[in-house]
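Undergrad: File model_30.cif follows (mmCIF, C-alpha atoms, pLDDT in the B column; chains and numbers go by the auth columns):
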```
data_input
#
loop_
_atom_site.group_PDB
_atom_site.id
_atom_site.type_symbol
_atom_site.label_atom_id
_atom_site.label_comp_id
_atom_site.label_asym_id
_atom_site.label_seq_id
_atom_site.Cartn_x
_atom_site.Cartn_y
_atom_site.Cartn_z
_atom_site.B_iso_or_equiv
_atom_site.auth_seq_id
_atom_site.auth_asym_id
ATOM 1 C CA MET A 1 10.038 -37.024 -32.253 44.00 1 A
ATOM 2 C CA GLY A 2 7.372 -36.583 -29.598 60.00 2 A
ATOM 3 C CA LEU A 3 3.698 -37.339 -29.975 66.00 3 A
ATOM 4 C CA ILE A 4 2.657 -33.732 -30.439 68.00 4 A
ATOM 5 C CA THR A 5 5.139 -33.102 -33.207 69.00 5 A
ATOM 6 C CA SER A 6 4.455 -36.431 -34.906 85.00 6 A
ATOM 7 C CA LEU A 7 0.725 -35.751 -35.349 92.00 7 A
ATOM 8 C CA SER A 8 -0.313 -32.769 -37.413 93.00 8 A
ATOM 9 C CA THR A 9 -2.824 -30.297 -36.039 92.00 9 A
ATOM 10 C CA GLU A 10 -5.293 -31.537 -38.658 95.00 10 A
ATOM 11 C CA ASN A 11 -4.809 -35.144 -37.578 95.00 11 A
ATOM 12 C CA ARG A 12 -5.297 -34.247 -33.909 95.00 12 A
ATOM 13 C CA GLN A 13 -8.494 -32.352 -34.758 96.00 13 A
ATOM 14 C CA ARG A 14 -9.699 -35.328 -36.803 97.00 14 A
ATOM 15 C CA LEU A 15 -9.071 -37.658 -33.852 97.00 15 A
ATOM 16 C CA GLU A 16 -11.009 -35.338 -31.509 96.00 16 A
ATOM 17 C CA GLU A 17 -13.904 -35.502 -34.008 97.00 17 A
ATOM 18 C CA VAL A 18 -13.665 -39.293 -34.209 98.00 18 A
ATOM 19 C CA ALA A 19 -13.939 -39.487 -30.410 98.00 19 A
ATOM 20 C CA THR A 20 -16.934 -37.128 -30.415 97.00 20 A
ATOM 21 C CA THR A 21 -18.654 -39.207 -33.095 97.00 21 A
ATOM 22 C CA GLN A 22 -17.983 -42.435 -31.190 98.00 22 A
ATOM 23 C CA ARG A 23 -19.309 -40.973 -27.937 98.00 23 A
ATOM 24 C CA ASN A 24 -22.414 -39.672 -29.752 97.00 24 A
ATOM 25 C CA GLN A 25 -23.075 -43.144 -31.178 97.00 25 A
ATOM 26 C CA LEU A 26 -23.042 -44.476 -27.623 98.00 26 A
ATOM 27 C CA SER A 27 -25.153 -41.544 -26.306 98.00 27 A
ATOM 28 C CA TYR A 28 -22.368 -40.280 -24.025 98.00 28 A
ATOM 29 C CA LYS A 29 -21.891 -36.558 -23.590 97.00 29 A
ATOM 30 C CA ALA A 30 -18.409 -35.019 -23.412 97.00 30 A
ATOM 31 C CA PHE A 31 -18.649 -34.455 -19.655 97.00 31 A
ATOM 32 C CA GLU A 32 -19.733 -38.025 -18.900 98.00 32 A
ATOM 33 C CA ARG A 33 -17.389 -40.881 -18.040 98.00 33 A
ATOM 34 C CA LEU A 34 -17.281 -43.394 -20.883 98.00 34 A
ATOM 35 C CA PRO A 35 -16.113 -46.712 -19.406 98.00 35 A
ATOM 36 C CA ALA A 36 -13.845 -48.753 -21.649 97.00 36 A
ATOM 37 C CA SER A 37 -16.096 -51.720 -20.868 97.00 37 A
ATOM 38 C CA VAL A 38 -19.015 -49.945 -22.585 98.00 38 A
ATOM 39 C CA LEU A 39 -16.920 -49.253 -25.669 98.00 39 A
ATOM 40 C CA ALA A 40 -15.631 -52.838 -25.635 97.00 40 A
ATOM 41 C CA GLN A 41 -19.196 -54.151 -25.435 97.00 41 A
ATOM 42 C CA TYR A 42 -20.160 -51.938 -28.395 98.00 42 A
ATOM 43 C CA PHE A 43 -17.433 -53.645 -30.437 97.00 43 A
ATOM 44 C CA GLN A 44 -18.364 -57.051 -28.979 97.00 44 A
ATOM 45 C CA ALA A 45 -14.849 -57.422 -27.623 96.00 45 A
ATOM 46 C CA THR A 46 -13.718 -60.064 -25.207 92.00 46 A
ATOM 47 C CA ILE A 47 -11.478 -58.505 -22.559 93.00 47 A
ATOM 48 C CA SER A 48 -9.061 -60.773 -20.712 89.00 48 A
ATOM 49 C CA THR A 49 -5.975 -60.604 -18.588 87.00 49 A
ATOM 50 C CA ALA A 50 -2.963 -62.815 -19.203 81.00 50 A
ATOM 51 C CA GLU A 51 -4.123 -65.046 -16.337 80.00 51 A
ATOM 52 C CA THR A 52 -7.504 -65.680 -17.950 77.00 52 A
ATOM 53 C CA VAL A 53 -6.536 -66.430 -21.562 77.00 53 A
ATOM 54 C CA PRO A 54 -7.611 -70.025 -22.236 73.00 54 A
ATOM 55 C CA ASN A 55 -5.035 -72.455 -23.620 72.00 55 A
ATOM 56 C CA ALA A 56 -2.152 -70.044 -23.091 68.00 56 A
ATOM 57 C CA GLU A 57 1.267 -71.538 -22.515 69.00 57 A
ATOM 58 C CA LEU A 58 2.125 -71.560 -18.805 66.00 58 A
ATOM 59 C CA GLU A 59 5.570 -70.019 -19.269 69.00 59 A
ATOM 60 C CA GLN A 60 4.160 -67.207 -21.396 69.00 60 A
ATOM 61 C CA VAL A 61 1.427 -66.507 -18.829 66.00 61 A
ATOM 62 C CA LYS A 62 4.004 -66.427 -16.007 67.00 62 A
ATOM 63 C CA SER A 63 6.203 -64.079 -18.001 68.00 63 A
ATOM 64 C CA LEU A 64 3.336 -61.693 -18.768 71.00 64 A
ATOM 65 C CA CYS A 65 1.910 -61.829 -15.238 67.00 65 A
ATOM 66 C CA ASN A 66 5.252 -60.817 -13.759 70.00 66 A
ATOM 67 C CA SER A 67 5.928 -57.959 -16.153 69.00 67 A
ATOM 68 C CA ASP A 68 5.027 -54.290 -16.253 73.00 68 A
ATOM 69 C CA ASN A 69 6.675 -53.965 -19.685 73.00 69 A
ATOM 70 C CA TRP A 70 3.429 -54.319 -21.613 77.00 70 A
ATOM 71 C CA SER A 71 0.014 -52.714 -21.353 86.00 71 A
ATOM 72 C CA ALA A 72 -2.507 -54.383 -23.641 85.00 72 A
ATOM 73 C CA VAL A 73 -2.673 -56.115 -26.976 83.00 73 A
ATOM 74 C CA ILE A 74 -5.269 -57.160 -29.517 85.00 74 A
ATOM 75 C CA ILE A 75 -4.775 -60.888 -29.990 82.00 75 A
ATOM 76 C CA ARG A 76 -7.620 -61.376 -32.433 85.00 76 A
ATOM 77 C CA LYS A 77 -9.748 -59.017 -34.519 89.00 77 A
ATOM 78 C CA ASN A 78 -12.597 -61.297 -35.525 90.00 78 A
ATOM 79 C CA PRO A 79 -14.005 -61.840 -33.003 92.00 79 A
ATOM 80 C CA LEU A 80 -12.281 -58.983 -31.207 93.00 80 A
ATOM 81 C CA TRP A 81 -10.182 -60.071 -28.242 89.00 81 A
ATOM 82 C CA ILE A 82 -8.006 -57.791 -26.120 91.00 82 A
ATOM 83 C CA VAL A 83 -5.645 -58.903 -23.361 89.00 83 A
ATOM 84 C CA HIS A 84 -4.506 -56.309 -20.825 90.00 84 A
ATOM 85 C CA ASN A 85 -2.043 -56.186 -17.958 89.00 85 A
ATOM 86 C CA SER A 86 -3.783 -56.719 -14.615 87.00 86 A
ATOM 87 C CA ARG A 87 -0.701 -55.453 -12.737 85.00 87 A
ATOM 88 C CA HIS A 88 -1.425 -51.880 -13.814 91.00 88 A
ATOM 89 C CA ALA A 89 -3.563 -49.526 -11.740 91.00 89 A
ATOM 90 C CA PRO A 90 -7.271 -49.552 -12.677 95.00 90 A
ATOM 91 C CA THR A 91 -6.995 -46.086 -14.240 96.00 91 A
ATOM 92 C CA ARG A 92 -4.059 -47.250 -16.339 95.00 92 A
ATOM 93 C CA GLN A 93 -5.986 -50.365 -17.374 94.00 93 A
ATOM 94 C CA GLU A 94 -8.807 -48.081 -18.529 96.00 94 A
ATOM 95 C CA SER A 95 -6.358 -46.068 -20.612 96.00 95 A
ATOM 96 C CA ASN A 96 -4.755 -49.231 -22.007 94.00 96 A
ATOM 97 C CA LEU A 97 -8.126 -50.557 -23.160 96.00 97 A
ATOM 98 C CA MET A 98 -9.092 -47.206 -24.710 98.00 98 A
ATOM 99 C CA HIS A 99 -5.790 -47.287 -26.613 96.00 99 A
ATOM 100 C CA GLU A 100 -6.476 -50.743 -28.044 95.00 100 A
ATOM 101 C CA LEU A 101 -10.071 -49.832 -28.891 97.00 101 A
ATOM 102 C CA ALA A 102 -8.745 -46.731 -30.653 97.00 102 A
ATOM 103 C CA HIS A 103 -6.795 -49.060 -32.973 96.00 103 A
ATOM 104 C CA ILE A 104 -10.105 -50.781 -33.802 96.00 104 A
ATOM 105 C CA ILE A 105 -11.971 -47.506 -34.380 97.00 105 A
ATOM 106 C CA LEU A 106 -9.176 -46.301 -36.668 97.00 106 A
ATOM 107 C CA LYS A 107 -9.125 -49.643 -38.495 95.00 107 A
ATOM 108 C CA HIS A 108 -5.388 -50.065 -38.010 94.00 108 A
ATOM 109 C CA LYS A 109 -4.024 -53.273 -39.482 89.00 109 A
ATOM 110 C CA MET A 110 -2.706 -55.870 -37.087 81.00 110 A
ATOM 111 C CA VAL A 111 1.024 -56.400 -37.115 79.00 111 A
ATOM 112 C CA GLY A 112 2.958 -59.546 -36.316 72.00 112 A
ATOM 113 C CA TYR A 113 4.955 -60.439 -33.258 69.00 113 A
ATOM 114 C CA ASP A 114 8.691 -60.069 -32.925 70.00 114 A
ATOM 115 C CA PRO A 115 9.956 -63.650 -32.537 70.00 115 A
ATOM 116 C CA LYS A 116 12.883 -62.462 -30.402 72.00 116 A
ATOM 117 C CA THR A 117 10.827 -60.595 -27.803 66.00 117 A
ATOM 118 C CA ASN A 118 7.365 -62.193 -28.228 63.00 118 A
ATOM 119 C CA LEU A 119 5.996 -58.633 -28.201 64.00 119 A
ATOM 120 C CA PRO A 120 3.918 -57.109 -30.975 68.00 120 A
ATOM 121 C CA GLN A 121 5.693 -55.117 -33.628 74.00 121 A
ATOM 122 C CA ARG A 122 4.521 -51.524 -33.890 81.00 122 A
ATOM 123 C CA ARG A 123 3.923 -48.872 -36.523 86.00 123 A
ATOM 124 C CA GLN A 124 4.737 -45.573 -34.826 89.00 124 A
ATOM 125 C CA GLN A 125 2.085 -43.535 -36.674 92.00 125 A
ATOM 126 C CA ASP A 126 -0.615 -46.033 -35.631 93.00 126 A
ATOM 127 C CA GLU A 127 0.613 -45.989 -32.031 92.00 127 A
ATOM 128 C CA ASP A 128 0.654 -42.182 -31.878 94.00 128 A
ATOM 129 C CA GLU A 129 -2.876 -42.009 -33.276 96.00 129 A
ATOM 130 C CA ALA A 130 -4.112 -44.651 -30.817 95.00 130 A
ATOM 131 C CA VAL A 131 -2.524 -42.838 -27.869 95.00 131 A
ATOM 132 C CA TYR A 132 -4.159 -39.594 -28.919 97.00 132 A
ATOM 133 C CA LEU A 133 -7.591 -41.054 -29.738 97.00 133 A
ATOM 134 C CA GLY A 134 -7.586 -43.211 -26.601 97.00 134 A
ATOM 135 C CA GLY A 135 -7.045 -40.062 -24.540 97.00 135 A
ATOM 136 C CA CYS A 136 -9.806 -38.232 -26.444 98.00 136 A
ATOM 137 C CA LEU A 137 -12.225 -41.080 -25.789 98.00 137 A
ATOM 138 C CA GLN A 138 -11.407 -41.109 -22.097 98.00 138 A
ATOM 139 C CA ILE A 139 -11.276 -37.333 -21.574 98.00 139 A
ATOM 140 C CA PRO A 140 -12.698 -35.312 -24.477 97.00 140 A
ATOM 141 C CA ARG A 141 -11.540 -31.738 -25.005 97.00 141 A
ATOM 142 C CA ARG A 142 -15.091 -30.525 -24.395 97.00 142 A
ATOM 143 C CA GLY A 143 -15.115 -32.550 -21.186 97.00 143 A
ATOM 144 C CA LEU A 144 -11.978 -30.736 -20.058 97.00 144 A
ATOM 145 C CA LEU A 145 -13.585 -27.388 -20.847 97.00 145 A
ATOM 146 C CA TRP A 146 -16.596 -28.438 -18.763 97.00 146 A
ATOM 147 C CA ALA A 147 -14.278 -29.402 -15.885 97.00 147 A
ATOM 148 C CA VAL A 148 -12.492 -26.043 -16.074 96.00 148 A
ATOM 149 C CA GLN A 149 -15.845 -24.296 -15.976 96.00 149 A
ATOM 150 C CA LYS A 150 -16.694 -26.323 -12.846 97.00 150 A
ATOM 151 C CA LYS A 151 -13.285 -25.319 -11.381 97.00 151 A
ATOM 152 C CA MET A 152 -12.331 -28.965 -10.892 97.00 152 A
ATOM 153 C CA THR A 153 -8.806 -29.911 -9.832 97.00 153 A
ATOM 154 C CA ILE A 154 -6.643 -32.411 -11.685 97.00 154 A
ATOM 155 C CA ALA A 155 -7.481 -35.024 -9.043 97.00 155 A
ATOM 156 C CA GLN A 156 -11.215 -34.343 -9.382 98.00 156 A
ATOM 157 C CA ILE A 157 -11.063 -34.579 -13.179 98.00 157 A
ATOM 158 C CA ALA A 158 -9.109 -37.823 -12.933 98.00 158 A
ATOM 159 C CA LEU A 159 -11.669 -39.293 -10.547 98.00 159 A
ATOM 160 C CA HIS A 160 -14.596 -38.087 -12.643 98.00 160 A
ATOM 161 C CA PHE A 161 -13.279 -39.638 -15.881 98.00 161 A
ATOM 162 C CA ASN A 162 -11.684 -42.710 -14.214 97.00 162 A
ATOM 163 C CA ALA A 163 -8.317 -41.576 -15.497 98.00 163 A
ATOM 164 C CA SER A 164 -4.895 -41.140 -13.988 97.00 164 A
ATOM 165 C CA GLU A 165 -3.697 -37.665 -13.095 97.00 165 A
ATOM 166 C CA GLU A 166 -0.987 -38.201 -15.729 96.00 166 A
ATOM 167 C CA MET A 167 -3.706 -38.708 -18.366 97.00 167 A
ATOM 168 C CA VAL A 168 -5.459 -35.513 -17.258 97.00 168 A
ATOM 169 C CA LYS A 169 -2.172 -33.597 -17.554 96.00 169 A
ATOM 170 C CA PHE A 170 -1.506 -35.156 -20.968 95.00 170 A
ATOM 171 C CA ARG A 171 -4.974 -34.215 -22.228 96.00 171 A
ATOM 172 C CA THR A 172 -4.735 -30.653 -20.903 96.00 172 A
ATOM 173 C CA ASN A 173 -1.297 -30.240 -22.467 93.00 173 A
ATOM 174 C CA VAL A 174 -2.260 -31.558 -25.909 93.00 174 A
ATOM 175 C CA SER A 175 -5.596 -29.717 -25.853 92.00 175 A
ATOM 176 C CA GLY A 176 -4.046 -26.408 -24.875 91.00 176 A
ATOM 177 C CA ILE A 177 -6.412 -26.074 -21.926 93.00 177 A
ATOM 178 C CA SER A 178 -5.197 -24.431 -18.739 90.00 178 A
ATOM 179 C CA LEU A 179 -6.605 -25.649 -15.438 84.00 179 A
ATOM 180 C CA VAL A 180 -5.460 -22.531 -13.554 71.00 180 A
#
```
Is it possible to express this structure as C-alpha coordinates?
TA:
Amino acid sequence: MGLITSLSTENRQRLEEVATTQRNQLSYKAFERLPASVLAQYFQATISTAETVPNAELEQVKSLCNSDNWSAVIIRKNPLWIVHNSRHAPTRQESNLMHELAHIILKHKMVGYDPKTNLPQRRQQDEDEAVYLGGCLQIPRRGLLWAVQKKMTIAQIALHFNASEEMVKFRTNVSGISLV
(Lines of atoms letter the chains of each structure in order from A and count residues from 1; the text may use other names and numbers.)
(Lines give C-alpha, C1' and ligand atoms only; values in the text may rest on other atoms or scores of the structure.)
Protein backbone atom coordinates (compact mmCIF):
# COMPACT_ATOMS: atom_id res chain seq x y z
CA MET A 1 0.00 0.00 0.00
CA GLY A 2 1.48 3.33 -1.05
CA LEU A 3 1.56 6.48 1.02
CA ILE A 4 -1.33 8.14 -0.78
CA THR A 5 -3.64 5.19 -0.33
CA SER A 6 -2.57 4.61 3.27
CA LEU A 7 -3.54 8.12 4.42
CA SER A 8 -7.14 9.18 4.07
CA THR A 9 -7.99 12.47 2.40
CA GLU A 10 -9.12 13.76 5.79
CA ASN A 11 -5.81 12.80 7.40
CA ARG A 12 -3.83 14.48 4.61
CA GLN A 13 -5.90 17.66 5.00
CA ARG A 14 -5.35 17.54 8.76
CA LEU A 15 -1.59 17.25 8.25
CA GLU A 16 -1.61 20.24 5.86
CA GLU A 17 -3.42 22.20 8.59
CA VAL A 18 -0.92 21.07 11.22
CA ALA A 19 1.93 22.34 9.03
CA THR A 20 0.14 25.67 8.49
CA THR A 21 -0.41 26.06 12.23
CA GLN A 22 3.23 25.23 12.98
CA ARG A 23 4.49 27.71 10.37
CA ASN A 24 2.14 30.39 11.75
CA GLN A 25 3.49 29.83 15.26
CA LEU A 26 6.97 30.49 13.89
CA SER A 27 5.78 33.49 11.80
CA TYR A 28 6.67 31.81 8.49
CA LYS A 29 4.42 32.33 5.50
CA ALA A 30 3.63 29.47 3.10
CA PHE A 31 5.93 30.87 0.40
CA GLU A 32 8.90 31.29 2.74
CA ARG A 33 11.61 28.69 3.31
CA LEU A 34 11.32 27.23 6.80
CA PRO A 35 14.74 25.81 7.71
CA ALA A 36 14.66 22.60 9.73
CA SER A 37 17.18 24.25 12.05
CA VAL A 38 14.57 26.90 12.98
CA LEU A 39 11.98 24.24 13.73
CA ALA A 40 14.55 22.24 15.70
CA GLN A 41 15.45 25.33 17.73
CA TYR A 42 11.74 25.90 18.45
CA PHE A 43 11.59 22.40 19.95
CA GLN A 44 14.96 22.91 21.68
CA ALA A 45 16.35 19.92 19.82
CA THR A 46 19.97 18.94 19.68
CA ILE A 47 20.89 17.94 16.12
CA SER A 48 23.91 15.69 15.63
CA THR A 49 25.45 13.44 13.06
CA ALA A 50 26.69 9.96 13.90
CA GLU A 51 30.24 11.33 14.00
CA THR A 52 29.37 13.90 16.67
CA VAL A 53 27.34 11.82 19.14
CA PRO A 54 29.31 11.82 22.41
CA ASN A 55 30.12 8.48 24.03
CA ALA A 56 28.96 6.48 21.02
CA GLU A 57 30.57 3.12 20.46
CA LEU A 58 33.29 3.34 17.80
CA GLU A 59 32.04 0.35 15.82
CA GLN A 60 28.50 1.70 15.76
CA VAL A 61 29.73 5.13 14.62
CA LYS A 62 31.81 3.53 11.84
CA SER A 63 28.85 1.45 10.73
CA LEU A 64 26.51 4.45 10.61
CA CYS A 65 29.07 6.73 8.96
CA ASN A 66 29.59 4.25 6.14
CA SER A 67 25.91 3.60 5.47
CA ASP A 68 23.25 5.24 3.35
CA ASN A 69 20.64 2.82 4.74
CA TRP A 70 19.35 5.23 7.36
CA SER A 71 18.26 8.86 7.31
CA ALA A 72 17.67 10.20 10.81
CA VAL A 73 16.47 9.03 14.18
CA ILE A 74 15.25 10.51 17.44
CA ILE A 75 17.53 9.08 20.11
CA ARG A 76 15.98 10.94 23.02
CA LYS A 77 12.75 12.88 23.49
CA ASN A 78 13.48 14.74 26.71
CA PRO A 79 15.60 16.64 25.97
CA LEU A 80 14.98 16.17 22.26
CA TRP A 81 17.96 14.79 20.36
CA ILE A 82 18.00 13.87 16.68
CA VAL A 83 20.86 12.18 14.83
CA HIS A 84 20.93 12.41 11.04
CA ASN A 85 23.02 10.94 8.25
CA SER A 86 25.71 13.37 7.10
CA ARG A 87 26.32 11.31 3.94
CA HIS A 88 23.03 12.49 2.44
CA ALA A 89 22.78 15.59 0.27
CA PRO A 90 21.95 18.79 2.21
CA THR A 91 18.43 18.88 0.74
CA ARG A 92 17.87 15.29 1.83
CA GLN A 93 19.21 16.10 5.30
CA GLU A 94 16.66 18.92 5.49
CA SER A 95 13.88 16.51 4.57
CA ASN A 96 15.15 13.91 7.05
CA LEU A 97 15.09 16.44 9.89
CA MET A 98 11.61 17.66 8.94
CA HIS A 99 10.45 14.03 9.03
CA GLU A 100 11.79 13.49 12.55
CA LEU A 101 10.39 16.82 13.75
CA ALA A 102 7.03 15.79 12.28
CA HIS A 103 7.07 12.80 14.66
CA ILE A 104 7.52 15.27 17.54
CA ILE A 105 4.74 17.59 16.34
CA LEU A 106 2.39 14.61 15.98
CA LYS A 107 3.41 13.30 19.41
CA HIS A 108 4.22 9.85 18.06
CA LYS A 109 5.46 7.45 20.71
CA MET A 110 9.04 6.30 20.48
CA VAL A 111 9.56 2.69 19.54
CA GLY A 112 12.41 0.40 20.49
CA TYR A 113 15.32 -0.82 18.43
CA ASP A 114 15.47 -4.13 16.64
CA PRO A 115 18.30 -6.01 18.39
CA LYS A 116 19.14 -7.88 15.17
CA THR A 117 19.61 -4.81 12.97
CA ASN A 118 20.26 -2.06 15.56
CA LEU A 119 17.74 0.03 13.60
CA PRO A 120 14.60 1.54 15.07
CA GLN A 121 11.39 -0.41 14.77
CA ARG A 122 8.65 1.42 12.90
CA ARG A 123 4.89 1.85 12.99
CA GLN A 124 3.85 2.30 9.36
CA GLN A 125 0.99 4.72 10.09
CA ASP A 126 3.35 6.97 12.09
CA GLU A 127 5.96 6.84 9.33
CA ASP A 128 3.42 7.70 6.62
CA GLU A 129 2.13 10.65 8.65
CA ALA A 130 5.68 11.89 9.32
CA VAL A 131 6.61 11.64 5.64
CA TYR A 132 3.52 13.60 4.67
CA LEU A 133 3.79 16.25 7.41
CA GLY A 134 7.54 16.63 6.88
CA GLY A 135 6.86 17.41 3.22
CA CYS A 136 4.09 19.87 4.17
CA LEU A 137 6.43 21.67 6.56
CA GLN A 138 9.14 21.93 3.93
CA ILE A 139 6.89 22.80 0.97
CA PRO A 140 3.34 23.78 1.95
CA ARG A 141 0.53 23.36 -0.56
CA ARG A 142 -0.04 27.11 -0.52
CA GLY A 143 3.67 27.57 -1.18
CA LEU A 144 3.36 25.37 -4.25
CA LEU A 145 0.39 27.40 -5.46
CA TRP A 146 2.48 30.56 -5.01
CA ALA A 147 5.32 28.98 -7.01
CA VAL A 148 2.93 28.02 -9.81
CA GLN A 149 1.64 31.57 -9.88
CA LYS A 150 5.25 32.78 -10.19
CA LYS A 151 5.76 30.23 -13.02
CA MET A 152 8.69 28.65 -11.19
CA THR A 153 10.27 25.44 -12.47
CA ILE A 154 10.78 22.34 -10.35
CA ALA A 155 14.45 23.27 -9.96
CA GLN A 156 13.56 26.82 -8.88
CA ILE A 157 11.01 25.56 -6.35
CA ALA A 158 13.53 23.08 -4.98
CA LEU A 159 16.15 25.80 -4.59
CA HIS A 160 13.67 28.22 -3.04
CA PHE A 161 12.49 25.74 -0.38
CA ASN A 162 15.89 24.02 0.09
CA ALA A 163 14.34 20.78 -1.07
CA SER A 164 15.28 18.10 -3.54
CA GLU A 165 13.56 18.02 -6.91
CA GLU A 166 12.16 14.63 -5.83
CA MET A 167 10.50 16.32 -2.83
CA VAL A 168 8.99 18.99 -5.10
CA LYS A 169 7.60 16.27 -7.38
CA PHE A 170 6.26 14.34 -4.38
CA ARG A 171 4.55 17.44 -2.98
CA THR A 172 3.03 18.39 -6.34
CA ASN A 173 1.78 14.84 -6.85
CA VAL A 174 0.18 14.48 -3.41
CA SER A 175 -1.21 18.03 -3.52
CA GLY A 176 -2.74 17.60 -6.95
CA ILE A 177 -0.96 20.70 -8.22
CA SER A 178 0.24 20.83 -11.81
CA LEU A 179 3.39 22.79 -12.58
CA VAL A 180 2.63 22.95 -16.32
Undergrad: Kindly indicate which residue among A:Ile75, A:Ile154, A:Leu179, A:Ile82 lies nearest to Met98 of chain A, using all atoms listed in the file for the distances.
TA: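 Looking at the shortest contact to Met98 of chain A, the residue is A:Ile82.
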Undergrad: Can you pull out the residues contacting segment 7-20 of chain A? Cut-off 9 Å, using all atoms listed in the file, and skip same-chain residues under 2 positions away; I want them as a ChimeraX atom specification.
TA: /A:2-5,22-25,28-30,102,105-106,125,128-129,132-134,136-138,140-141,174
Undergrad: List the residues matched by the PyMOL selection byres ((chain A and resi 79) around 12) in the displayed structure as a list in words, ordered by chain and then by residue number.
TA: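 Applied to this file, the PyMOL selection byres ((chain A and resi 79) around 12) selects Ala40, Gln41, Phe43, Gln44, Ala45, Thr46, Ile47, Ile74, Ile75, Arg76, Lys77, Asn78, Leu80, Trp81, Ile82 and Ile104 of chain A.
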Undergrad: Kindly export the residues of the current selection with C-alpha atoms, as a PDB file, in the frame of the given file.
TA:
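The resulting file, selection15.pdb, is reproduced below:
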```pdb
ATOM      1  CA  ALA A  40     -15.631 -52.838 -25.635  1.00 97.00           C
ATOM      2  CA  GLN A  41     -19.196 -54.151 -25.435  1.00 97.00           C
ATOM      3  CA  PHE A  43     -17.433 -53.645 -30.437  1.00 97.00           C
ATOM      4  CA  GLN A  44     -18.364 -57.051 -28.979  1.00 97.00           C
ATOM      5  CA  ALA A  45     -14.849 -57.422 -27.623  1.00 96.00           C
ATOM      6  CA  THR A  46     -13.718 -60.064 -25.207  1.00 92.00           C
ATOM      7  CA  ILE A  47     -11.478 -58.505 -22.559  1.00 93.00           C
ATOM      8  CA  ILE A  74      -5.269 -57.160 -29.517  1.00 85.00           C
ATOM      9  CA  ILE A  75      -4.775 -60.888 -29.990  1.00 82.00           C
ATOM     10  CA  ARG A  76      -7.620 -61.376 -32.433  1.00 85.00           C
ATOM     11  CA  LYS A  77      -9.748 -59.017 -34.519  1.00 89.00           C
ATOM     12  CA  ASN A  78     -12.597 -61.297 -35.525  1.00 90.00           C
ATOM     13  CA  LEU A  80     -12.281 -58.983 -31.207  1.00 93.00           C
ATOM     14  CA  TRP A  81     -10.182 -60.071 -28.242  1.00 89.00           C
ATOM     15  CA  ILE A  82      -8.006 -57.791 -26.120  1.00 91.00           C
ATOM     16  CA  ILE A 104     -10.105 -50.781 -33.802  1.00 96.00           C
TER      17      ILE A 104
END
```
Undergrad: Mind telling me what the PyMOL selection byres ((chain A and resi 160) around 12) catches here, as a PyMOL selection string?
TA: chain A and resi 30-35+91+138-139+143-144+146-147+150+152-159+161-165+168
Undergrad: Take atom CA of Lys151 of chain A and atom CA of Thr172 of chain A and report the distance between them in Å, one decimal.
TA: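 If I compute the distance from atom CA of Lys151 of chain A to atom CA of Thr172 of chain A, I get 13.9 Å.
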Undergrad: Could you check how far atom CA of Asn96 of chain A sits from atom CA of His84 of chain A, in Å to one decimal?
TA: 7.2 Å
Undergrad: Of the candidates A:Arg123, A:Ala36, A:Leu97, A:Ala89, which shows the shortest atom-to-atom distance to Lys109 of chain A, using all atoms listed in the file?
TA: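 Checking each of A:Arg123, A:Ala36, A:Leu97, A:Ala89 against Lys109 of chain A, counting all atoms listed in the file, the winner is A:Arg123.
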Undergrad: Give me the residues near Val111 of chain A as a count of residues only, where near means some atom within 10 Å (using all atoms listed in the file) and where sequence neighbours in that chain fewer than 3 positions away do not count.
TA: 7
Undergrad: So the first atom is atom CA of Arg92 of chain A and the second is atom CA of Pro115 of chain A; what is the distance between them in Å, to one decimal place?
TA: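 These two atoms are separated by 27.0 Å.
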Undergrad: Let me make sure I understand: among A:Ser6, A:Arg87, A:His103, A:Thr49, which one has the smallest atom-to-atom distance to Asn69 of chain A if we use all atoms listed in the file?
TA: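 Of A:Ser6, A:Arg87, A:His103, A:Thr49, the one nearest Asn69 of chain A, counting all atoms listed in the file, is A:Arg87.
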Undergrad: Mind giving me the axis-aligned box for segment 162-169 of chain A with 6 Å on every side, centre plus edges in Å to one decimal, as JSON?
TA:
```
{"center_x": -6.3, "center_y": -38.2, "center_z": -15.7, "size_x": 22.7, "size_y": 21.1, "size_z": 17.3}
```
